[in-house]
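Chemist: Dropping in data_20.txt, which is compact mmCIF, C-alpha atoms and all ligand atoms:
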```
# COMPACT_ATOMS: atom_id res chain seq x y z
CA MET J 1 118.45 102.20 128.91
CA SER J 2 120.74 101.43 126.02
CA ALA J 3 120.79 102.36 122.33
CA LEU J 4 119.48 99.52 120.17
CA GLU J 5 121.45 98.41 117.12
CA LEU J 6 118.95 98.51 114.24
CA LYS J 7 120.87 96.47 111.69
CA GLY J 8 119.24 93.06 111.34
CA ARG J 9 116.69 93.83 114.09
CA ARG J 10 113.04 92.85 113.47
CA VAL J 11 110.90 96.00 113.43
CA VAL J 12 107.13 95.87 112.89
CA VAL J 13 105.41 99.05 111.69
CA THR J 14 101.64 98.99 112.26
CA GLY J 15 99.89 101.22 109.73
CA GLY J 16 103.03 100.60 107.67
CA ARG J 17 101.21 100.98 104.37
CA GLY J 18 99.72 104.36 105.29
CA PHE J 19 101.14 107.80 104.44
CA LEU J 20 103.68 108.06 107.28
CA GLY J 21 104.09 104.28 107.47
CA ARG J 22 105.64 103.94 104.02
CA PHE J 23 108.33 106.51 104.84
CA VAL J 24 108.99 104.96 108.25
CA THR J 25 109.33 101.50 106.69
CA CYS J 26 111.83 102.84 104.11
CA ALA J 27 113.80 104.69 106.79
CA PHE J 28 114.23 101.50 108.87
CA ALA J 29 115.14 99.48 105.75
CA GLU J 30 117.83 102.07 104.93
CA ARG J 31 119.32 101.42 108.37
CA GLY J 32 119.48 97.68 107.66
CA ALA J 33 116.58 96.71 109.95
CA ASP J 34 114.50 93.64 109.16
CA VAL J 35 111.31 95.68 108.83
CA VAL J 36 107.76 94.42 108.30
CA ALA J 37 105.01 96.86 107.29
CA LEU J 38 101.51 95.86 108.38
CA GLY J 39 98.15 96.98 106.99
CA ARG J 40 94.65 96.16 108.15
CA ALA J 41 94.46 93.30 105.64
CA ASP J 42 97.35 91.59 107.49
CA HIS J 43 95.90 91.99 110.97
CA ASP J 44 92.89 93.97 112.15
CA LEU J 45 94.36 95.50 115.29
CA THR J 46 90.96 96.16 116.84
CA GLU J 47 90.92 92.36 117.48
CA GLN J 48 93.23 91.54 120.39
CA SER J 49 93.54 87.92 119.19
CA GLU J 50 94.90 89.21 115.85
CA ILE J 51 97.53 91.22 117.72
CA ARG J 52 98.54 88.13 119.69
CA THR J 53 98.81 86.15 116.43
CA MET J 54 100.89 88.93 114.89
CA TYR J 55 103.39 88.92 117.80
CA ALA J 56 103.65 85.11 117.75
CA LYS J 57 104.21 85.06 113.99
CA LEU J 58 106.54 88.03 113.51
CA ARG J 59 108.41 88.11 116.86
CA PRO J 60 109.37 91.80 116.64
CA SER J 61 112.02 93.43 118.79
CA ILE J 62 110.68 96.94 118.12
CA VAL J 63 107.10 97.94 117.29
CA VAL J 64 106.30 101.33 115.79
CA HIS J 65 102.59 101.87 116.31
CA LEU J 66 101.18 104.12 113.61
CA ALA J 67 97.87 102.39 112.84
CA ALA J 68 95.07 104.77 113.70
CA ALA J 69 91.49 105.61 112.93
CA CYS J 70 92.08 109.20 111.79
CA GLY J 71 91.18 111.79 109.17
CA GLY J 72 90.28 115.43 108.62
CA ILE J 73 87.77 117.47 110.59
CA GLY J 74 84.77 115.96 108.74
CA ALA J 75 85.83 112.41 109.62
CA ASN J 76 86.39 113.42 113.25
CA VAL J 77 82.96 115.08 113.48
CA ALA J 78 81.30 111.99 111.99
CA ASN J 79 83.18 109.41 114.11
CA PRO J 80 83.85 110.66 117.66
CA GLY J 81 82.89 107.33 119.26
CA ARG J 82 84.68 105.10 116.78
CA PHE J 83 87.87 107.21 116.76
CA LEU J 84 88.04 107.18 120.57
CA TYR J 85 87.27 103.46 120.84
CA GLU J 86 89.49 102.14 118.05
CA ASN J 87 92.53 104.27 118.83
CA ALA J 88 92.42 103.52 122.55
CA LEU J 89 91.73 99.82 122.00
CA MET J 90 94.40 99.27 119.32
CA GLY J 91 97.05 101.15 121.28
CA LEU J 92 96.35 99.45 124.62
CA ALA J 93 96.30 95.99 123.07
CA VAL J 94 99.47 96.56 121.00
CA LEU J 95 101.19 97.70 124.21
CA GLU J 96 99.88 94.90 126.47
CA GLU J 97 100.49 92.09 123.98
CA GLY J 98 103.90 93.58 123.19
CA ARG J 99 104.81 93.50 126.87
CA ARG J 100 103.65 89.89 127.16
CA ALA J 101 105.60 88.95 124.03
CA GLY J 102 108.71 90.53 125.56
CA ILE J 103 109.44 93.17 122.88
CA ASP J 104 112.37 95.50 123.55
CA ARG J 105 110.70 98.80 122.71
CA LEU J 106 107.48 100.41 121.47
CA VAL J 107 107.37 103.73 119.61
CA LEU J 108 103.93 105.32 119.89
CA VAL J 109 103.08 108.07 117.42
CA SER J 110 100.59 110.49 118.95
CA THR J 111 99.11 113.77 117.77
CA THR J 112 99.00 117.47 118.67
CA CYS J 113 95.22 116.94 119.03
CA ALA J 114 96.11 115.48 122.45
CA TYR J 115 96.96 119.02 123.66
CA PRO J 116 94.37 121.12 125.50
CA GLN J 117 92.72 123.51 123.05
CA ASP J 118 93.91 126.61 124.91
CA ALA J 119 97.40 125.42 125.93
CA PRO J 120 99.98 128.23 125.86
CA LEU J 121 102.11 128.62 122.72
CA PRO J 122 104.45 127.27 121.62
CA LEU J 123 102.90 123.97 122.78
CA HIS J 124 105.19 122.43 125.38
CA GLU J 125 105.04 118.79 126.46
CA GLU J 126 104.65 119.81 130.14
CA THR J 127 101.23 121.37 129.40
CA LEU J 128 99.62 118.26 127.87
CA TRP J 129 97.52 117.57 130.97
CA ASP J 130 96.55 121.17 131.75
CA GLY J 131 93.07 120.81 130.24
CA PRO J 132 90.96 118.47 128.12
CA PRO J 133 91.49 118.04 124.38
CA THR J 134 88.32 119.57 122.94
CA GLY J 135 86.69 120.37 119.62
CA ALA J 136 86.08 117.94 116.79
CA THR J 137 89.41 116.14 117.25
CA GLY J 138 88.99 115.88 121.05
CA PRO J 139 87.99 112.17 121.17
CA TYR J 140 90.89 111.20 118.86
CA GLY J 141 93.25 113.32 120.99
CA MET J 142 91.90 111.84 124.22
CA ALA J 143 92.48 108.27 123.01
CA LYS J 144 96.09 109.12 122.14
CA ARG J 145 96.57 110.88 125.48
CA LEU J 146 95.37 107.76 127.28
CA LEU J 147 98.09 105.85 125.43
CA HIS J 148 100.75 108.31 126.71
CA GLU J 149 99.60 107.44 130.20
CA ALA J 150 99.57 103.73 129.40
CA CYS J 151 103.21 103.91 128.28
CA ALA J 152 104.11 105.82 131.47
CA THR J 153 102.38 103.30 133.75
CA TYR J 154 103.97 100.33 131.93
CA ALA J 155 107.39 101.93 132.41
CA LYS J 156 106.63 102.30 136.13
CA GLN J 157 105.14 98.86 136.77
CA TYR J 158 107.03 96.66 134.31
CA GLY J 159 110.09 98.69 133.33
CA PHE J 160 108.68 98.56 129.78
CA GLU J 161 110.58 100.80 127.31
CA SER J 162 108.65 103.08 125.01
CA ALA J 163 108.90 106.42 123.22
CA VAL J 164 105.95 108.77 122.73
CA LEU J 165 106.23 111.19 119.81
CA ILE J 166 103.88 114.07 118.95
CA PRO J 167 104.35 115.19 115.33
CA ALA J 168 103.07 118.46 113.87
CA ASN J 169 100.86 118.31 110.73
CA LEU J 170 102.65 116.06 108.26
CA TYR J 171 102.85 116.62 104.53
CA GLY J 172 104.77 115.25 101.56
CA PRO J 173 104.56 112.90 98.59
CA GLU J 174 102.02 110.07 98.88
CA ASP J 175 99.74 112.10 101.16
CA HIS J 176 95.98 111.54 100.86
CA PHE J 177 94.73 113.92 98.17
CA ASP J 178 91.10 112.78 98.16
CA LEU J 179 88.74 115.56 99.21
CA GLU J 180 87.36 113.62 102.21
CA ALA J 181 90.84 113.42 103.80
CA GLY J 182 90.52 117.15 104.50
CA HIS J 183 94.16 117.94 105.31
CA VAL J 184 95.12 121.51 104.48
CA ILE J 185 98.22 121.01 102.31
CA PRO J 186 96.83 118.34 99.95
CA ALA J 187 93.60 120.34 99.65
CA LEU J 188 95.49 123.53 98.72
CA ILE J 189 97.76 121.68 96.27
CA ARG J 190 94.80 120.16 94.49
CA ARG J 191 93.00 123.48 94.35
CA TYR J 192 95.95 125.49 92.98
CA VAL J 193 97.20 122.87 90.52
CA GLU J 194 93.70 122.67 89.03
CA ALA J 195 93.33 126.49 89.04
CA ALA J 196 96.71 126.89 87.29
CA GLU J 197 95.64 124.44 84.60
CA ARG J 198 92.28 126.18 84.08
CA GLY J 199 93.95 129.60 84.09
CA ALA J 200 91.44 130.66 86.77
CA PRO J 201 91.69 134.43 87.52
CA SER J 202 91.10 133.91 91.25
CA VAL J 203 90.85 131.19 93.87
CA VAL J 204 88.80 131.64 97.01
CA ASN J 205 89.98 129.99 100.25
CA TRP J 206 87.98 129.58 103.44
CA GLY J 207 88.45 132.00 106.36
CA THR J 208 90.83 134.91 106.79
CA GLY J 209 94.10 133.09 106.14
CA ARG J 210 95.37 134.42 109.49
CA PRO J 211 95.43 131.21 111.58
CA THR J 212 98.84 129.62 111.91
CA ARG J 213 99.92 125.99 111.87
CA GLU J 214 103.16 124.03 111.80
CA PHE J 215 104.08 121.57 109.05
CA LEU J 216 106.65 118.78 109.16
CA HIS J 217 107.83 116.91 106.07
CA VAL J 218 106.96 113.22 106.32
CA ARG J 219 110.59 112.22 105.64
CA ASP J 220 111.76 114.30 108.61
CA ALA J 221 109.09 112.64 110.79
CA ALA J 222 110.24 109.18 109.67
CA ARG J 223 113.86 110.05 110.50
CA ALA J 224 112.85 111.17 114.01
CA ILE J 225 110.88 107.95 114.56
CA VAL J 226 113.92 105.86 113.65
CA LEU J 227 116.08 107.93 116.03
CA ALA J 228 113.54 107.36 118.81
CA ALA J 229 113.44 103.59 118.18
CA GLU J 230 117.20 103.51 118.38
CA ARG J 231 117.84 105.84 121.30
CA LEU J 232 114.73 106.33 123.45
CA GLY J 233 113.15 104.02 125.98
CA ASP J 234 111.52 106.71 128.08
CA PRO J 235 107.84 107.56 127.53
CA ALA J 236 108.05 111.29 128.35
CA PRO J 237 106.26 112.75 125.27
CA ILE J 238 108.38 114.56 122.68
CA ASN J 239 107.09 117.07 120.12
CA LEU J 240 108.32 116.62 116.55
CA GLY J 241 108.23 119.64 114.31
CA THR J 242 110.10 122.55 112.83
CA GLY J 243 109.04 125.02 115.53
CA VAL J 244 108.10 127.35 112.65
CA GLU J 245 104.67 128.95 112.69
CA THR J 246 103.19 129.47 109.19
CA SER J 247 99.97 131.35 108.48
CA ILE J 248 97.47 129.70 106.15
CA ALA J 249 97.75 132.76 103.89
CA ASP J 250 101.54 132.33 103.60
CA LEU J 251 101.06 128.61 103.04
CA ALA J 252 98.53 129.28 100.25
CA THR J 253 100.96 131.73 98.62
CA LEU J 254 103.75 129.12 98.72
CA VAL J 255 101.51 126.38 97.31
CA ALA J 256 100.18 128.69 94.58
CA GLY J 257 103.79 129.55 93.63
CA ALA J 258 104.83 125.88 93.58
CA ALA J 259 101.79 125.05 91.42
CA GLY J 260 102.62 127.85 88.96
CA TYR J 261 99.32 129.61 89.66
CA ARG J 262 99.37 133.26 88.55
CA GLY J 263 95.89 134.48 89.56
CA ARG J 264 94.58 136.19 92.72
CA LEU J 265 94.31 134.57 96.16
CA GLU J 266 91.04 135.58 97.84
CA TRP J 267 89.59 134.81 101.26
CA ASP J 268 85.97 134.15 102.18
CA THR J 269 85.95 135.69 105.64
CA THR J 270 82.37 134.57 106.30
CA LYS J 271 83.75 131.03 106.71
CA PRO J 272 85.16 129.84 110.07
CA ASP J 273 88.89 130.01 110.78
CA GLY J 274 89.38 127.20 113.31
CA GLN J 275 91.96 127.57 116.07
CA PRO J 276 93.87 130.85 115.77
CA ARG J 277 97.44 129.59 116.30
CA ARG J 278 99.20 126.24 116.67
CA PHE J 279 102.93 125.49 116.80
CA LEU J 280 105.30 123.42 118.88
CA ASP J 281 108.21 123.91 121.23
CA VAL J 282 110.72 121.52 119.67
CA SER J 283 113.57 121.89 122.16
CA ARG J 284 112.98 118.49 123.83
CA ALA J 285 113.39 116.66 120.48
CA ARG J 286 116.69 118.48 119.93
CA GLU J 287 117.97 117.72 123.44
CA ARG J 288 116.81 114.11 123.84
CA LEU J 289 116.81 112.83 120.27
CA GLY J 290 119.30 115.10 118.54
CA PHE J 291 116.53 115.79 116.02
CA THR J 292 116.07 118.94 113.96
CA ALA J 293 113.86 119.11 110.90
CA ALA J 294 115.83 119.42 107.66
CA VAL J 295 113.32 119.96 104.84
CA PRO J 296 112.38 123.63 104.29
CA LEU J 297 108.65 124.12 103.71
CA ALA J 298 109.02 125.68 100.22
CA GLU J 299 111.22 122.80 99.08
CA GLY J 300 108.91 120.14 100.54
CA LEU J 301 105.88 121.77 98.92
CA ALA J 302 107.54 121.89 95.50
CA GLU J 303 108.36 118.18 95.82
CA THR J 304 104.78 117.38 96.90
CA VAL J 305 103.22 119.37 94.04
CA ALA J 306 105.46 117.54 91.56
CA TRP J 307 104.46 114.19 93.09
CA TYR J 308 100.77 115.10 92.92
CA ARG J 309 101.06 116.11 89.25
CA GLN J 310 102.65 112.78 88.41
CA HIS J 311 100.42 110.50 90.47
CA ARG J 312 96.92 112.00 90.59
CA PRO J 313 94.12 109.92 89.14
CA ARG J 314 93.11 111.07 85.64
N1 LIG J 401 99.22 112.69 108.89
C1 LIG J 401 99.44 113.56 109.86
O1 LIG J 401 99.44 114.79 109.64
C2 LIG J 401 99.72 113.11 111.27
C3 LIG J 401 100.10 114.08 112.23
C4 LIG J 401 100.36 113.66 113.54
C5 LIG J 401 100.23 112.32 113.88
N2 LIG J 401 99.86 111.41 112.94
C6 LIG J 401 99.75 109.99 113.35
O2 LIG J 401 100.58 109.21 112.52
C7 LIG J 401 100.01 107.94 112.33
C8 LIG J 401 99.93 107.62 110.85
O3 LIG J 401 99.11 108.59 110.23
P1 LIG J 401 98.92 108.65 108.64
O4 LIG J 401 98.68 110.05 108.29
O5 LIG J 401 100.00 107.88 107.98
O6 LIG J 401 97.53 107.88 108.50
P2 LIG J 401 97.04 106.85 107.40
O7 LIG J 401 97.70 107.07 106.09
O8 LIG J 401 95.56 106.87 107.47
O9 LIG J 401 97.58 105.47 107.98
C9 LIG J 401 96.98 104.86 109.08
C10 LIG J 401 97.01 103.39 108.85
O10 LIG J 401 96.41 102.73 109.98
C11 LIG J 401 95.92 101.52 109.53
N3 LIG J 401 94.79 101.06 110.34
C12 LIG J 401 93.66 101.74 110.66
N4 LIG J 401 92.84 100.97 111.35
C13 LIG J 401 93.44 99.76 111.46
C14 LIG J 401 93.07 98.53 112.07
N5 LIG J 401 91.89 98.38 112.68
N6 LIG J 401 93.93 97.49 112.00
C15 LIG J 401 95.11 97.62 111.36
N7 LIG J 401 95.53 98.76 110.78
C16 LIG J 401 94.69 99.81 110.83
C17 LIG J 401 95.44 101.74 108.09
O11 LIG J 401 95.76 100.58 107.38
P3 LIG J 401 95.04 100.22 105.99
O12 LIG J 401 95.54 101.24 105.03
O13 LIG J 401 95.52 98.86 105.68
O14 LIG J 401 93.56 100.35 106.25
C18 LIG J 401 96.25 102.96 107.63
O15 LIG J 401 97.13 102.66 106.57
C19 LIG J 401 98.68 107.94 113.05
O16 LIG J 401 98.85 107.31 114.31
C20 LIG J 401 98.36 109.40 113.24
O17 LIG J 401 97.61 109.61 114.42
C21 LIG J 401 99.61 111.76 111.64
```
As a first step, turn the structure in this file into structure tokens.
Modeler:
Amino acid sequence: MSALELKGRRVVVTGGRGFLGRFVTCAFAERGADVVALGRADHDLTEQSEIRTMYAKLRPSIVVHLAAACGGIGANVANPGRFLYENALMGLAVLEEGRRAGIDRLVLVSTTCAYPQDAPLPLHEETLWDGPPTGATGPYGMAKRLLHEACATYAKQYGFESAVLIPANLYGPEDHFDLEAGHVIPALIRRYVEAAERGAPSVVNWGTGRPTREFLHVRDAARAIVLAAERLGDPAPINLGTGVETSIADLATLVAGAAGYRGRLEWDTTKPDGQPRRFLDVSRARERLGFTAAVPLAEGLAETVAWYRQHRPR
């Protein structure tokens, strides 16, 4: 397997107008690639014929598959069947039609929801198949896990080159700040920016604040995806993250500080906490991709708060 020169190479980014997709598209453009960002209005990837048309029209060398039916916990609870069906279908068809079209490489972006709920910490790629992905995000995680296996079987049968990346929770400018999106960082930013403006004496958050999560700046994730497209043709999954475990209470304190909120942080412990801890072993990304995250959480949060203040709907 050889490194691919990106300059002048046709790269198609599915989901290229989404949150991560915009950063990935920019990162490829910065490397001189001939990059095309696709949204659903260009091609509905749940229609295999649309995927075939896309390959015939655009003739990509590399495809980065980001398009997904995804969302916060509420969206996952409401759509277990659709999320499983659409994510499995889109991924399998993008892979199969890409193989038939003779593309050089596919980069599949997966999710930590593919891990078994009780996998040992830090989450290591070798434990992905040690149990089922469960809970509200289980069907979404299962569809992505099937795609890992699809990439592995295509490597075995056809010698097809792919990379499978598993990013931690992403955050950064241009994230989805609508309440339905339900991601923790945008929700906290919205809450504390509004509380700072109202001069609210206290803000109540759900749960105990004790659960931990890991957060990766979207620009770091985009850089890792470009590295994978360039250097990796092997579908062994690779975690992408900082390896740093952050409690929700510490996160809330950082967001409140970045938002200039001076009141009290309170916790409604009658509300559920979700999974107690979640963070990644990131050694494989360092060894195989030469990737280490560069954006410190406090810095990335300050940037995201500033972006939100400038761009929120009035
Ligand atoms: N955000 C995170 O924290 C995170 C963490 C780990 C992994 N990921 C993965 O990263 C990828 C991108 O996530 P994101 O946060 O950037 O999500 P996003 O902003 O919702 O982007 C997903 C994109 O997929 C496109 N899409 C959905 N259904 C489609 C269809 N039927 N045909 C064509 N395009 C379709 C949408 O295009 P339109 O906008 O045109 O509808 C949307 O822009 C996903 O694969 C996700 O699983 C995200």
Chemist: Within 10 Å of segment 57-59 of chain J, counting only C-alpha atoms, which residues qualify if same-chain residues fewer than 6 places away don't, as a list in words?
Modeler: Arg10, Val11, Val12, Val36, Ile51, Gly98, Ala101, Gly102 and Ile103 of chain J
Chemist: Write out as a list in words the residues lying within 8 Å of Ala258 of chain J, counting all atoms listed in the file and excluding same-chain residues fewer than 5 positions away.
Modeler: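 Neighbouring residues, sequence-local ones excluded: Ala298, Leu301, Ala302 and Val305 of chain J.
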Chemist: Starting from 3 Å padding per side, set up an axis-aligned box that covers all listed atoms of segment 243-261 of chain J and hand over centre and edge lengths in Å, one decimal, as lines of an AutoDock Vina configuration file.
Modeler:
```
center_x = 103.3
center_y = 128.9
center_z = 102.2
size_x = 17.6
size_y = 13.7
size_z = 32.6
```
Chemist: Which residues of chain J come within 8 Å of ligand LIG 401 (chain J), and what is each one's closest atom pair and distance in Å (one decimal), counting all atoms listed in the file, sorted by chain and residue number, as CSV?
Modeler:
```
residue,atom,partner,partner_atom,distance
J:Thr14,CA,J:LIG401,N7,6.3
J:Gly15,CA,J:LIG401,C10,3.7
J:Gly16,CA,J:LIG401,O15,6.3
J:Arg17,CA,J:LIG401,O15,4.9
J:Gly18,CA,J:LIG401,O15,3.4
J:Phe19,CA,J:LIG401,O5,3.7
J:Leu20,CA,J:LIG401,O5,3.8
J:Gly21,CA,J:LIG401,O5,5.5
J:Arg22,CA,J:LIG401,O5,7.9
J:Leu38,CA,J:LIG401,N7,7.1
J:Gly39,CA,J:LIG401,O13,3.5
J:Arg40,CA,J:LIG401,C15,3.6
J:Ala41,CA,J:LIG401,O13,5.7
J:Asp42,CA,J:LIG401,C15,7.5
J:His43,CA,J:LIG401,C15,5.7
J:Asp44,CA,J:LIG401,N6,3.7
J:Leu45,CA,J:LIG401,N6,3.9
J:Thr46,CA,J:LIG401,N5,4.8
J:Glu47,CA,J:LIG401,N5,7.8
J:His65,CA,J:LIG401,O16,6.9
J:Leu66,CA,J:LIG401,O16,4.0
J:Ala67,CA,J:LIG401,O10,3.2
J:Ala68,CA,J:LIG401,O10,4.4
J:Ala69,CA,J:LIG401,C12,5.0
J:Cys70,CA,J:LIG401,O8,6.0
J:Gly71,CA,J:LIG401,O8,6.8
J:Glu86,CA,J:LIG401,N5,7.0
J:Met90,CA,J:LIG401,N5,7.2
J:Leu108,CA,J:LIG401,O16,7.8
J:Val109,CA,J:LIG401,O16,5.3
J:Ser110,CA,J:LIG401,C5,5.4
J:Thr111,CA,J:LIG401,C5,4.3
J:Thr112,CA,J:LIG401,C4,6.5
J:Lys144,CA,J:LIG401,O17,7.9
J:Ile166,CA,J:LIG401,C4,6.5
J:Pro167,CA,J:LIG401,C4,4.6
J:Ala168,CA,J:LIG401,C4,5.5
J:Asn169,CA,J:LIG401,O1,3.9
J:Leu170,CA,J:LIG401,O1,3.7
J:Tyr171,CA,J:LIG401,O1,6.4
J:Asp175,CA,J:LIG401,O7,7.3
J:His176,CA,J:LIG401,O7,7.1
J:His183,CA,J:LIG401,O1,7.5
```
Chemist: Those same residues - C-alpha atoms - I'd like them written as a CSV table (one decimal), in the coordinates of the input.
Modeler:
```csv
chain,number,residue,atom,x,y,z
J,14,THR,CA,101.6,99.0,112.3
J,15,GLY,CA,99.9,101.2,109.7
J,16,GLY,CA,103.0,100.6,107.7
J,17,ARG,CA,101.2,101.0,104.4
J,18,GLY,CA,99.7,104.4,105.3
J,19,PHE,CA,101.1,107.8,104.4
J,20,LEU,CA,103.7,108.1,107.3
J,21,GLY,CA,104.1,104.3,107.5
J,22,ARG,CA,105.6,103.9,104.0
J,38,LEU,CA,101.5,95.9,108.4
J,39,GLY,CA,98.2,97.0,107.0
J,40,ARG,CA,94.6,96.2,108.2
J,41,ALA,CA,94.5,93.3,105.6
J,42,ASP,CA,97.4,91.6,107.5
J,43,HIS,CA,95.9,92.0,111.0
J,44,ASP,CA,92.9,94.0,112.2
J,45,LEU,CA,94.4,95.5,115.3
J,46,THR,CA,91.0,96.2,116.8
J,47,GLU,CA,90.9,92.4,117.5
J,65,HIS,CA,102.6,101.9,116.3
J,66,LEU,CA,101.2,104.1,113.6
J,67,ALA,CA,97.9,102.4,112.8
J,68,ALA,CA,95.1,104.8,113.7
J,69,ALA,CA,91.5,105.6,112.9
J,70,CYS,CA,92.1,109.2,111.8
J,71,GLY,CA,91.2,111.8,109.2
J,86,GLU,CA,89.5,102.1,118.0
J,90,MET,CA,94.4,99.3,119.3
J,108,LEU,CA,103.9,105.3,119.9
J,109,VAL,CA,103.1,108.1,117.4
J,110,SER,CA,100.6,110.5,119.0
J,111,THR,CA,99.1,113.8,117.8
J,112,THR,CA,99.0,117.5,118.7
J,144,LYS,CA,96.1,109.1,122.1
J,166,ILE,CA,103.9,114.1,119.0
J,167,PRO,CA,104.4,115.2,115.3
J,168,ALA,CA,103.1,118.5,113.9
J,169,ASN,CA,100.9,118.3,110.7
J,170,LEU,CA,102.6,116.1,108.3
J,171,TYR,CA,102.8,116.6,104.5
J,175,ASP,CA,99.7,112.1,101.2
J,176,HIS,CA,96.0,111.5,100.9
J,183,HIS,CA,94.2,117.9,105.3
```
Chemist: Counting all atoms listed in the file, find residues at most 9 Å from (106.3, 113.2, 102.2) (file frame) and give them as a VMD selection string.
Modeler: chain J and resid 19 to 20 23 170 to 175 216 to 220 300 303 to 304
Chemist: Just the number, please: distance in Å from atom CA of Arg312 of chain J to atom CA of Ala259 of chain J, one decimal.
Modeler: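 Taking atom CA of Arg312 of chain J as the start and atom CA of Ala259 of chain J as the end point, the length is 14.0 Å.
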Chemist: Which residue is closest to Gly233 of chain J? Choose from J:Glu161, J:Glu30, J:Glu96, J:Glu125 and count all atoms listed in the file.
Modeler: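 With all atoms listed in the file as the atom set, the closest residue is J:Glu161.
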Chemist: Can you spit out segment 112-131 of chain J with N, CA and C atoms, as a CSV table (one decimal), in the first residue's frame, from the structure just given?
Modeler:
```
chain,number,residue,atom,x,y,z
J,112,THR,N,-17.9,6.2,18.2
J,112,THR,CA,-17.6,5.4,19.4
J,112,THR,C,-18.9,4.6,19.9
J,113,CYS,N,-20.0,5.0,19.3
J,113,CYS,CA,-21.3,4.3,19.6
J,113,CYS,C,-21.2,2.8,19.1
J,114,ALA,N,-20.2,2.5,18.2
J,114,ALA,CA,-20.0,1.1,17.8
J,114,ALA,C,-19.4,0.3,18.9
J,115,TYR,N,-18.8,0.9,19.9
J,115,TYR,CA,-18.2,0.1,21.0
J,115,TYR,C,-19.3,-0.6,21.9
J,116,PRO,N,-19.0,-1.8,22.4
J,116,PRO,CA,-19.9,-2.3,23.4
J,116,PRO,C,-20.0,-1.4,24.6
J,117,GLN,N,-21.2,-1.3,25.2
J,117,GLN,CA,-21.5,-0.4,26.2
J,117,GLN,C,-20.5,-0.5,27.4
J,118,ASP,N,-20.2,-1.8,27.7
J,118,ASP,CA,-19.3,-2.0,28.9
J,118,ASP,C,-17.9,-2.4,28.6
J,119,ALA,N,-17.4,-1.9,27.4
J,119,ALA,CA,-16.0,-2.2,27.0
J,119,ALA,C,-15.1,-1.6,28.0
J,120,PRO,N,-13.9,-2.2,28.3
J,120,PRO,CA,-13.0,-1.6,29.3
J,120,PRO,C,-12.4,-0.3,28.8
J,121,LEU,N,-12.1,0.5,29.7
J,121,LEU,CA,-11.5,1.9,29.4
J,121,LEU,C,-10.0,1.9,29.6
J,122,PRO,N,-9.3,2.7,28.9
J,122,PRO,CA,-9.8,3.5,27.7
J,122,PRO,C,-10.2,2.5,26.6
J,123,LEU,N,-11.2,3.0,25.8
J,123,LEU,CA,-11.7,2.1,24.7
J,123,LEU,C,-10.6,1.8,23.7
J,124,HIS,N,-10.3,0.5,23.5
J,124,HIS,CA,-9.3,0.1,22.6
J,124,HIS,C,-9.9,-0.6,21.4
J,125,GLU,N,-9.4,-0.4,20.2
J,125,GLU,CA,-10.0,-0.9,19.0
J,125,GLU,C,-10.1,-2.4,19.0
J,126,GLU,N,-9.3,-3.1,19.8
J,126,GLU,CA,-9.4,-4.6,19.8
J,126,GLU,C,-10.6,-5.1,20.5
J,127,THR,N,-11.3,-4.2,21.3
J,127,THR,CA,-12.5,-4.7,22.1
J,127,THR,C,-13.8,-4.4,21.4
J,128,LEU,N,-13.7,-3.8,20.1
J,128,LEU,CA,-14.9,-3.4,19.4
J,128,LEU,C,-16.0,-4.6,19.4
J,129,TRP,N,-15.5,-5.8,19.2
J,129,TRP,CA,-16.5,-6.9,19.0
J,129,TRP,C,-16.7,-7.7,20.2
J,130,ASP,N,-16.3,-7.2,21.4
J,130,ASP,CA,-16.5,-8.0,22.6
J,130,ASP,C,-17.9,-8.0,23.2
J,131,GLY,N,-18.8,-7.3,22.6
J,131,GLY,CA,-20.2,-7.2,23.1
J,131,GLY,C,-21.0,-6.4,22.1
```
